[in-house]
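Undergrad: Mind looking over this structure? Questions follow.
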Amino acid sequence: MRTNYLFTSESVSEGHPDKVSDQISDAVVDLFLSKDPEARVACETLTATQRVVLAGEIRCKGVYENGEWADGALDEIERTVRNTVREIGYEQDGFHWETLTFENHLHGQSAHIAQGVDASGNKDEGAGDQGIMFGFACDETPDLMPATLDYSHKILERMAADRKSGAAPFLEPDSKSQVTLRYESGKPVAATAVVVSTQHAEGYDQGEREAELHAYVKGVVGDILPDGFVTGDTAWHINPTGSFVIGGPDGDAGLTGRKIIVDTYGGAAPHGGGAFSGKDPTKVDRSAAYITRYLAKNVVAAGLARRCTIQLAYAIGVSKPLSLYVDTHGTAPDGVNGAKLEKAIQSIDKLGGLTPRAIRTHLGLNKPIYRKSAAYGHFGRTPDGDHFPWERTDLVDDLKAVLG
């Protein structure tokens, strides 16, 4: 492993067009799970100038059965979509929650997919699709996340909070951040470059108003990064293209699932390729990615590695994972390695063999908890009631007990 290097990660705000799509898709997932905890949902969202389009497949008792929508269901879906856009903050001529055109093309789940997933007779419930999923954790931040991504997220979270509170009224919803850190002996020590592009009110691209916006951004970054990380050598790129008044879905179309690296580990770990948002937890793209993060985080929290990557693989319709792989990147203490951790994980009864049903049961995933995860990363968040259960570190004692 290299120990001295530069590394960069980016984040995008809740107002980025792809993130608007992710949040709408997950708001729809939450709506259906609130009606039926066993609902099946695969909801894709397209956002563009004054337009939101839903497409995908669902199955939900009391809402969509036998090819028919329940009374009022379509209106409730539309209200959910418009409320999501309003909460993000879009009231612009090119994208306004109240006046945008809405289209719903959701329809019933394929019977051929359902037959592979549903439990029947002696067959346990199978995975909703084939695929590989990765989880990761490291000790670079208290959240056990890569520092470059953690700081990129937090910069945009602060800016969104200031926009909504009125502390920074010149900000608009669409923004992006990017942080480059210098690592020495494997630890982040300084920021060599910071990029922030934010949609703004008219006039904040020149003169005193531009200077005000730049000073504000530098202040936020200074608050988020650890003391000493911003130096005289830090390169700043704030709205480097100039004006950024036209933004969000009016400036660029958005689609569900296009920000999978932002959603996960900022490029610091492998990605299996599957997106999360818009999918119910029978889809292992989502649930297995959550359990691998949970496992990796608990390994690091237990002091069994400073850096941990875990992979699971599944076949559609098959309940048990095809493989479990653990890599500690040479950071485990003496007597601990990936092979021993694999056996330890497989021996913990409460994990239920990491079948899709066991994952959902252990983490409590059949609940309307997903909208919150659809912006500022699915990982590195604080567990809050039913939300972000995969961020708990309640497996530490079990891992230590198994490994002696």
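Simple scheme: letters A, B, ... for chains in structure tokens order, numbers from 1 for residues in each chain, numbers from 1 for ligands in the order shown.
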What's around region 271-275 of chain A at 7 Å? Count only C-alpha atoms, leave out sequence neighbours fewer than 6 positions away in its own chain, and write the answer as a list of chain:residue names.
TA: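 These residues fall inside the cut-off: A:Ile132, A:Met133, A:Phe134, A:Gly257, A:Ile260, A:Asp285.
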Undergrad: Generate a file of the selected residues that holds all heavy atoms, formatted as an mmCIF file, in the first residue's frame.
TA:
```cif
data_model
loop_
_atom_site.group_PDB
_atom_site.id
_atom_site.type_symbol
_atom_site.label_atom_id
_atom_site.label_comp_id
_atom_site.auth_asym_id
_atom_site.auth_seq_id
_atom_site.Cartn_x
_atom_site.Cartn_y
_atom_site.Cartn_z
ATOM 1 N N ILE A 132 -22.815 -8.324 -7.266
ATOM 2 C CA ILE A 132 -21.769 -8.251 -6.251
ATOM 3 C C ILE A 132 -21.915 -6.925 -5.523
ATOM 4 O O ILE A 132 -22.229 -5.900 -6.123
ATOM 5 C CB ILE A 132 -20.366 -8.381 -6.875
ATOM 6 C CG1 ILE A 132 -20.130 -7.329 -7.966
ATOM 7 C CG2 ILE A 132 -20.180 -9.779 -7.452
ATOM 8 C CD1 ILE A 132 -18.725 -7.335 -8.544
ATOM 9 N N MET A 133 -21.707 -6.956 -4.219
ATOM 10 C CA MET A 133 -21.855 -5.761 -3.390
ATOM 11 C C MET A 133 -20.645 -5.633 -2.472
ATOM 12 O O MET A 133 -20.140 -6.632 -1.954
ATOM 13 C CB MET A 133 -23.134 -5.828 -2.532
ATOM 14 C CG MET A 133 -24.409 -5.926 -3.340
ATOM 15 S SD MET A 133 -24.749 -7.643 -3.787
ATOM 16 C CE MET A 133 -25.761 -7.376 -5.254
ATOM 17 N N PHE A 134 -20.200 -4.412 -2.277
ATOM 18 C CA PHE A 134 -19.040 -4.142 -1.443
ATOM 19 C C PHE A 134 -19.408 -3.227 -0.280
ATOM 20 O O PHE A 134 -20.205 -2.296 -0.436
ATOM 21 C CB PHE A 134 -17.941 -3.452 -2.256
ATOM 22 C CG PHE A 134 -17.259 -4.334 -3.253
ATOM 23 C CD1 PHE A 134 -17.701 -4.393 -4.563
ATOM 24 C CD2 PHE A 134 -16.167 -5.108 -2.882
ATOM 25 C CE1 PHE A 134 -17.063 -5.192 -5.500
ATOM 26 C CE2 PHE A 134 -15.522 -5.919 -3.797
ATOM 27 C CZ PHE A 134 -15.974 -5.965 -5.113
ATOM 28 N N GLY A 257 -29.898 6.866 -9.728
ATOM 29 C CA GLY A 257 -28.820 5.886 -9.744
ATOM 30 C C GLY A 257 -27.562 6.281 -10.464
ATOM 31 O O GLY A 257 -26.710 5.416 -10.731
ATOM 32 N N ILE A 260 -23.556 6.716 -7.854
ATOM 33 C CA ILE A 260 -23.296 5.583 -6.958
ATOM 34 C C ILE A 260 -21.977 5.722 -6.202
ATOM 35 O O ILE A 260 -21.838 5.172 -5.102
ATOM 36 C CB ILE A 260 -23.349 4.244 -7.718
ATOM 37 C CG1 ILE A 260 -22.335 4.207 -8.870
ATOM 38 C CG2 ILE A 260 -24.765 3.988 -8.238
ATOM 39 C CD1 ILE A 260 -22.295 2.867 -9.609
ATOM 40 N N ASP A 285 -28.854 -5.335 -4.297
ATOM 41 C CA ASP A 285 -28.069 -4.146 -4.621
ATOM 42 C C ASP A 285 -28.082 -3.176 -3.448
ATOM 43 O O ASP A 285 -27.075 -2.516 -3.166
ATOM 44 C CB ASP A 285 -28.662 -3.427 -5.847
ATOM 45 C CG ASP A 285 -28.205 -4.033 -7.154
ATOM 46 O OD1 ASP A 285 -27.193 -4.738 -7.161
ATOM 47 O OD2 ASP A 285 -28.879 -3.805 -8.170
#
```
Undergrad: Per residue of region 241-353 of chain A within 6 Å of region 15-32 of chain A, which atom pair is closest and at what distance in Å (one decimal), using only C-alpha atoms, listed by chain and increasing number, as a tab-separated table?
TA:
```
residue	atom	partner	partner_atom	distance
A:Gly248	CA	A:Pro17	CA	4.9
A:Pro249	CA	A:Pro17	CA	4.8
A:Gly254	CA	A:Asp18	CA	4.1
A:Leu255	CA	A:Asp18	CA	5.0
A:Thr256	CA	A:Asp22	CA	4.8
A:Ser277	CA	A:Asp22	CA	5.4
A:Gly278	CA	A:Ser25	CA	4.4
```
Undergrad: Restricted to all heavy atoms, what would the selected residues look like written as a PDB file, in the first residue's frame?
TA:
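And here's result_31.pdb as it stands now:
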```
ATOM      1  N   GLY A 248     -30.019  22.710 -11.376  1.00  0.00           N
ATOM      2  CA  GLY A 248     -30.992  21.659 -11.115  1.00  0.00           C
ATOM      3  C   GLY A 248     -31.462  21.001 -12.390  1.00  0.00           C
ATOM      4  O   GLY A 248     -30.780  21.038 -13.425  1.00  0.00           O
ATOM      5  N   PRO A 249     -32.641  20.404 -12.374  1.00  0.00           N
ATOM      6  CA  PRO A 249     -33.154  19.731 -13.568  1.00  0.00           C
ATOM      7  C   PRO A 249     -33.388  20.653 -14.753  1.00  0.00           C
ATOM      8  O   PRO A 249     -33.499  20.180 -15.884  1.00  0.00           O
ATOM      9  CB  PRO A 249     -34.474  19.122 -13.074  1.00  0.00           C
ATOM     10  CG  PRO A 249     -34.268  18.929 -11.611  1.00  0.00           C
ATOM     11  CD  PRO A 249     -33.468  20.115 -11.186  1.00  0.00           C
ATOM     12  N   GLY A 254     -31.802  14.852 -14.808  1.00  0.00           N
ATOM     13  CA  GLY A 254     -31.378  13.958 -13.742  1.00  0.00           C
ATOM     14  C   GLY A 254     -32.005  12.585 -13.867  1.00  0.00           C
ATOM     15  O   GLY A 254     -33.129  12.444 -14.355  1.00  0.00           O
ATOM     16  N   LEU A 255     -31.274  11.573 -13.417  1.00  0.00           N
ATOM     17  CA  LEU A 255     -31.758  10.194 -13.435  1.00  0.00           C
ATOM     18  C   LEU A 255     -31.415   9.505 -12.124  1.00  0.00           C
ATOM     19  O   LEU A 255     -30.341   9.743 -11.545  1.00  0.00           O
ATOM     20  CB  LEU A 255     -31.135   9.397 -14.584  1.00  0.00           C
ATOM     21  CG  LEU A 255     -31.528   9.782 -16.012  1.00  0.00           C
ATOM     22  CD1 LEU A 255     -30.632   9.044 -17.002  1.00  0.00           C
ATOM     23  CD2 LEU A 255     -32.985   9.445 -16.272  1.00  0.00           C
ATOM     24  N   THR A 256     -32.274   8.624 -11.680  1.00  0.00           N
ATOM     25  CA  THR A 256     -31.995   7.813 -10.497  1.00  0.00           C
ATOM     26  C   THR A 256     -30.765   6.944 -10.735  1.00  0.00           C
ATOM     27  O   THR A 256     -30.593   6.366 -11.806  1.00  0.00           O
ATOM     28  CB  THR A 256     -33.195   6.906 -10.183  1.00  0.00           C
ATOM     29  OG1 THR A 256     -34.348   7.714  -9.982  1.00  0.00           O
ATOM     30  CG2 THR A 256     -32.943   6.061  -8.949  1.00  0.00           C
ATOM     31  N   SER A 277     -31.115   3.771  -4.707  1.00  0.00           N
ATOM     32  CA  SER A 277     -32.386   4.487  -4.592  1.00  0.00           C
ATOM     33  C   SER A 277     -33.443   3.915  -5.531  1.00  0.00           C
ATOM     34  O   SER A 277     -33.144   3.462  -6.643  1.00  0.00           O
ATOM     35  CB  SER A 277     -32.191   5.975  -4.874  1.00  0.00           C
ATOM     36  OG  SER A 277     -31.450   6.582  -3.844  1.00  0.00           O
ATOM     37  N   GLY A 278     -34.679   3.949  -5.048  1.00  0.00           N
ATOM     38  CA  GLY A 278     -35.805   3.448  -5.822  1.00  0.00           C
ATOM     39  C   GLY A 278     -36.060   1.970  -5.652  1.00  0.00           C
ATOM     40  O   GLY A 278     -37.011   1.441  -6.253  1.00  0.00           O
TER      41      GLY A 278
END
```
Undergrad: Could you list, as a ChimeraX atom specification, every residue within 9 Å of Gly135 (chain A), counting only C-alpha atoms and ignoring same-chain residues fewer than 2 positions away?
TA: /A:133,137,264-265,269-271,288-297,308-312
Undergrad: What does the file look like for those residues with C-alpha atoms, as a PDB file, in the first residue's frame?
TA:
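again_21.pdb, written as the output of this step:
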```
ATOM      1  CA  MET A 133     -21.855  -5.761  -3.390  1.00  0.00           C
ATOM      2  CA  ALA A 137     -14.804   1.260   6.486  1.00  0.00           C
ATOM      3  CA  THR A 264     -20.868   5.006  -1.219  1.00  0.00           C
ATOM      4  CA  TYR A 265     -17.139   5.613  -0.626  1.00  0.00           C
ATOM      5  CA  ALA A 269     -13.334   1.283  -2.283  1.00  0.00           C
ATOM      6  CA  PRO A 270     -14.684  -0.982  -5.032  1.00  0.00           C
ATOM      7  CA  HIS A 271     -18.303  -0.731  -6.163  1.00  0.00           C
ATOM      8  CA  ALA A 288     -26.418  -6.417   0.811  1.00  0.00           C
ATOM      9  CA  ALA A 289     -24.515  -3.165   0.283  1.00  0.00           C
ATOM     10  CA  TYR A 290     -25.899  -2.028   3.625  1.00  0.00           C
ATOM     11  CA  ILE A 291     -24.956  -5.234   5.462  1.00  0.00           C
ATOM     12  CA  THR A 292     -21.419  -5.213   4.042  1.00  0.00           C
ATOM     13  CA  ARG A 293     -20.954  -1.626   5.245  1.00  0.00           C
ATOM     14  CA  TYR A 294     -22.336  -2.698   8.634  1.00  0.00           C
ATOM     15  CA  LEU A 295     -19.910  -5.609   8.832  1.00  0.00           C
ATOM     16  CA  ALA A 296     -16.893  -3.599   7.676  1.00  0.00           C
ATOM     17  CA  LYS A 297     -17.694  -0.754  10.081  1.00  0.00           C
ATOM     18  CA  CYS A 308     -11.673  -3.180   5.736  1.00  0.00           C
ATOM     19  CA  THR A 309     -13.361  -4.120   2.460  1.00  0.00           C
ATOM     20  CA  ILE A 310     -16.065  -6.814   2.337  1.00  0.00           C
ATOM     21  CA  GLN A 311     -17.712  -8.363  -0.729  1.00  0.00           C
ATOM     22  CA  LEU A 312     -20.876 -10.456  -1.012  1.00  0.00           C
TER      23      LEU A 312
END
```
Undergrad: Residues near Pro333 (chain A), anyone? I mean within 10 Å using only C-alpha atoms, not counting same-chain ones fewer than 3 positions away, as a list of chain:residue names.
TA: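 Listing them by chain and then by number gives A:Gly303, A:Leu304, A:Ala305, A:Arg306, A:Thr328, A:Gly330, A:Val336, A:Asn337.
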Undergrad: Could you check which of A:Thr3, A:Thr282, A:Ser9, A:Thr355 is closest to His153 (chain A), using only C-alpha atoms?
TA: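 So, comparing all the options, the nearest one is A:Ser9.
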